[in-house]
Amino acid sequence: MVQEGGVFVCEAAALVDAGKGMRFPVIAYGHPTTGFVIRYGGKPFAYLNRCAHVPIELDWSQGNFFESGGQYLMCSTHGAMYAPDTGSCVGGPCRGGRLRPIGVIERDGGIWWQPDDMVQAAGDSASSRTG
């Protein structure tokens, strides 16, 4: 369950359904990397930007996570495809895998993510603020 507060990612209006996502810095399992948030079916979903097949970033170019039809998230390297609302593998070499979810909430006109035991805030940056 996502609690009040968290780390600001972007204005809610910046996320278009099945459109470009927003990346944000995180510390995952003790290492700096990125998370991302997308909008699908009118709701925000966030994941660690790491393919379940091979631990590399998914986006084709910064923020482009959806395949051309806008139905699935797709890894740019090997074509693994994931359901945007669950992160579960739906095709390609990620069989049985899933993206690592990050708690996210939309409130007060913004998108906020919630750190947990394995994914922490990457520190103070100009693009993040707590609330």
# chains A, B, ... in the order shown; residues from 1 in each chain; ligands from 1
>>> select_by_dssp(residues="chain A", states="strand (DSSP E)", output="ChimeraX atom specification")
/A:7-11,22-28,31-40,43-48,73-74,81-82,89-91,101-107,110-114,119-121
>>> residues_around(residues="range 73-86 of chain A", least_positions_apart="4", cutoff="7 Å", atoms="only C-alpha atoms", output="list in words")
Tyr40, Phe45, Cys51, Leu58, Asp59, Trp60, Phe65, Phe66, Glu67, Val90, Gly91, Gly92, Pro93 and Cys94 of chain A
>>> write_last_selection(atoms="C-alpha atoms", output="PDB file, in the first residue's frame")
ATOM      1  CA  TYR A  40      -1.899   2.942 -18.829  1.00  0.00           C
ATOM      2  CA  PHE A  45       2.384   2.348 -12.933  1.00  0.00           C
ATOM      3  CA  CYS A  51      14.485  -6.064 -17.918  1.00  0.00           C
ATOM      4  CA  LEU A  58      14.192  -1.121 -21.260  1.00  0.00           C
ATOM      5  CA  ASP A  59      13.579   2.201 -23.000  1.00  0.00           C
ATOM      6  CA  TRP A  60      14.334   2.614 -26.701  1.00  0.00           C
ATOM      7  CA  PHE A  65       8.912   2.130 -23.100  1.00  0.00           C
ATOM      8  CA  PHE A  66       5.838   1.116 -25.130  1.00  0.00           C
ATOM      9  CA  GLU A  67       6.025  -0.890 -28.343  1.00  0.00           C
ATOM     10  CA  VAL A  90       3.704 -11.553 -21.991  1.00  0.00           C
ATOM     11  CA  GLY A  91       6.212 -12.516 -24.678  1.00  0.00           C
ATOM     12  CA  GLY A  92       9.825 -12.835 -25.667  1.00  0.00           C
ATOM     13  CA  PRO A  93      12.808 -14.062 -23.658  1.00  0.00           C
ATOM     14  CA  CYS A  94      11.478 -12.953 -20.240  1.00  0.00           C
TER      15      CYS A  94
END
>>> residues_around(residues="Ile38 in chain A", least_positions_apart="2", cutoff="8 Å", atoms="only C-alpha atoms", output="number ranges by chain")
A: 15-22, 36, 40, 44-46, 84
>>> write_last_selection(atoms="N, CA, C and O atoms", output="PDB file, in the first residue's frame")
ATOM      1  N   LEU A  15       2.064  12.655 -18.096  1.00  0.00           N
ATOM      2  CA  LEU A  15       1.932  11.260 -18.510  1.00  0.00           C
ATOM      3  C   LEU A  15       0.663  11.076 -19.334  1.00  0.00           C
ATOM      4  O   LEU A  15      -0.442  11.280 -18.840  1.00  0.00           O
ATOM      5  N   VAL A  16       0.837  10.676 -20.575  1.00  0.00           N
ATOM      6  CA  VAL A  16      -0.273  10.412 -21.488  1.00  0.00           C
ATOM      7  C   VAL A  16      -0.458   8.901 -21.570  1.00  0.00           C
ATOM      8  O   VAL A  16       0.519   8.146 -21.625  1.00  0.00           O
ATOM      9  N   ASP A  17      -1.710   8.451 -21.584  1.00  0.00           N
ATOM     10  CA  ASP A  17      -2.006   7.020 -21.647  1.00  0.00           C
ATOM     11  C   ASP A  17      -1.250   6.343 -22.792  1.00  0.00           C
ATOM     12  O   ASP A  17      -1.336   6.786 -23.944  1.00  0.00           O
ATOM     13  N   ALA A  18      -0.480   5.305 -22.462  1.00  0.00           N
ATOM     14  CA  ALA A  18       0.330   4.538 -23.419  1.00  0.00           C
ATOM     15  C   ALA A  18       1.331   5.412 -24.175  1.00  0.00           C
ATOM     16  O   ALA A  18       1.773   5.063 -25.259  1.00  0.00           O
ATOM     17  N   GLY A  19       1.700   6.526 -23.578  1.00  0.00           N
ATOM     18  CA  GLY A  19       2.669   7.438 -24.188  1.00  0.00           C
ATOM     19  C   GLY A  19       4.027   7.346 -23.519  1.00  0.00           C
ATOM     20  O   GLY A  19       4.356   6.364 -22.854  1.00  0.00           O
ATOM     21  N   LYS A  20       4.786   8.389 -23.689  1.00  0.00           N
ATOM     22  CA  LYS A  20       6.135   8.441 -23.136  1.00  0.00           C
ATOM     23  C   LYS A  20       6.093   8.385 -21.615  1.00  0.00           C
ATOM     24  O   LYS A  20       5.232   8.998 -20.991  1.00  0.00           O
ATOM     25  N   GLY A  21       7.034   7.650 -21.030  1.00  0.00           N
ATOM     26  CA  GLY A  21       7.145   7.560 -19.583  1.00  0.00           C
ATOM     27  C   GLY A  21       8.174   8.544 -19.051  1.00  0.00           C
ATOM     28  O   GLY A  21       8.874   9.207 -19.813  1.00  0.00           O
ATOM     29  N   MET A  22       8.236   8.618 -17.738  1.00  0.00           N
ATOM     30  CA  MET A  22       9.206   9.482 -17.070  1.00  0.00           C
ATOM     31  C   MET A  22      10.157   8.611 -16.252  1.00  0.00           C
ATOM     32  O   MET A  22       9.717   7.775 -15.470  1.00  0.00           O
ATOM     33  N   PHE A  36      10.971   4.024 -13.633  1.00  0.00           N
ATOM     34  CA  PHE A  36      10.165   4.769 -14.598  1.00  0.00           C
ATOM     35  C   PHE A  36       8.697   4.632 -14.248  1.00  0.00           C
ATOM     36  O   PHE A  36       8.278   3.666 -13.621  1.00  0.00           O
ATOM     37  N   TYR A  40      -1.241   3.955 -18.015  1.00  0.00           N
ATOM     38  CA  TYR A  40      -1.899   2.942 -18.829  1.00  0.00           C
ATOM     39  C   TYR A  40      -3.292   2.716 -18.249  1.00  0.00           C
ATOM     40  O   TYR A  40      -3.435   2.543 -17.038  1.00  0.00           O
ATOM     41  N   PRO A  44      -1.330   5.474 -13.210  1.00  0.00           N
ATOM     42  CA  PRO A  44       0.131   5.402 -13.269  1.00  0.00           C
ATOM     43  C   PRO A  44       0.642   4.060 -12.731  1.00  0.00           C
ATOM     44  O   PRO A  44       0.074   3.506 -11.794  1.00  0.00           O
ATOM     45  N   PHE A  45       1.700   3.565 -13.372  1.00  0.00           N
ATOM     46  CA  PHE A  45       2.384   2.348 -12.933  1.00  0.00           C
ATOM     47  C   PHE A  45       3.874   2.626 -12.989  1.00  0.00           C
ATOM     48  O   PHE A  45       4.348   3.251 -13.951  1.00  0.00           O
ATOM     49  N   ALA A  46       4.607   2.173 -11.980  1.00  0.00           N
ATOM     50  CA  ALA A  46       6.053   2.414 -11.944  1.00  0.00           C
ATOM     51  C   ALA A  46       6.807   1.108 -11.734  1.00  0.00           C
ATOM     52  O   ALA A  46       6.342   0.203 -11.034  1.00  0.00           O
ATOM     53  N   PRO A  84       1.701  -3.614 -19.121  1.00  0.00           N
ATOM     54  CA  PRO A  84       1.985  -2.350 -18.445  1.00  0.00           C
ATOM     55  C   PRO A  84       1.365  -2.223 -17.054  1.00  0.00           C
ATOM     56  O   PRO A  84       1.877  -1.517 -16.208  1.00  0.00           O
TER      57      PRO A  84
END
>>> residues_around(residues="range 112-125 of chain A", least_positions_apart="5", cutoff="6 Å", atoms="only C-alpha atoms", output="list in words")
Gly6, Val7, Phe8, Val9, Pro25, Val26, Ile27, Ala28, Tyr29, Gly103, Val104 and Ile105 of chain A
>>> residues_around(residues="Leu99 in chain A", least_positions_apart="6", cutoff="7 Å", atoms="only C-alpha atoms", output="number ranges by chain")
A: 47-48, 51-52, 87-88
>>> atom_distance(atom1="CA of Gly30 in chain A", atom2="CA of Ser61 in chain A")
25.0 Å
>>> atom_distance(atom1="CA of Glu106 in chain A", atom2="CA of Ala12 in chain A")
6.8 Å
>>> residues_around(residues="Arg23 in chain A", least_positions_apart="5", cutoff="9 Å", atoms="only C-alpha atoms", output="JSON, numbers by chain")
{"A": [9, 34, 35, 36, 37, 49, 62, 63]}
>>> closest_residue(among="A:Ala14, A:Arg50, A:Pro55, A:Gln71", to="Pro101 in chain A", atoms="only C-alpha atoms")
A:Arg50
>>> closest_residue(among="A:Thr33, A:Arg98, A:Gly41, A:Phe24", to="Ile56 in chain A", atoms="only C-alpha atoms")
A:Thr33
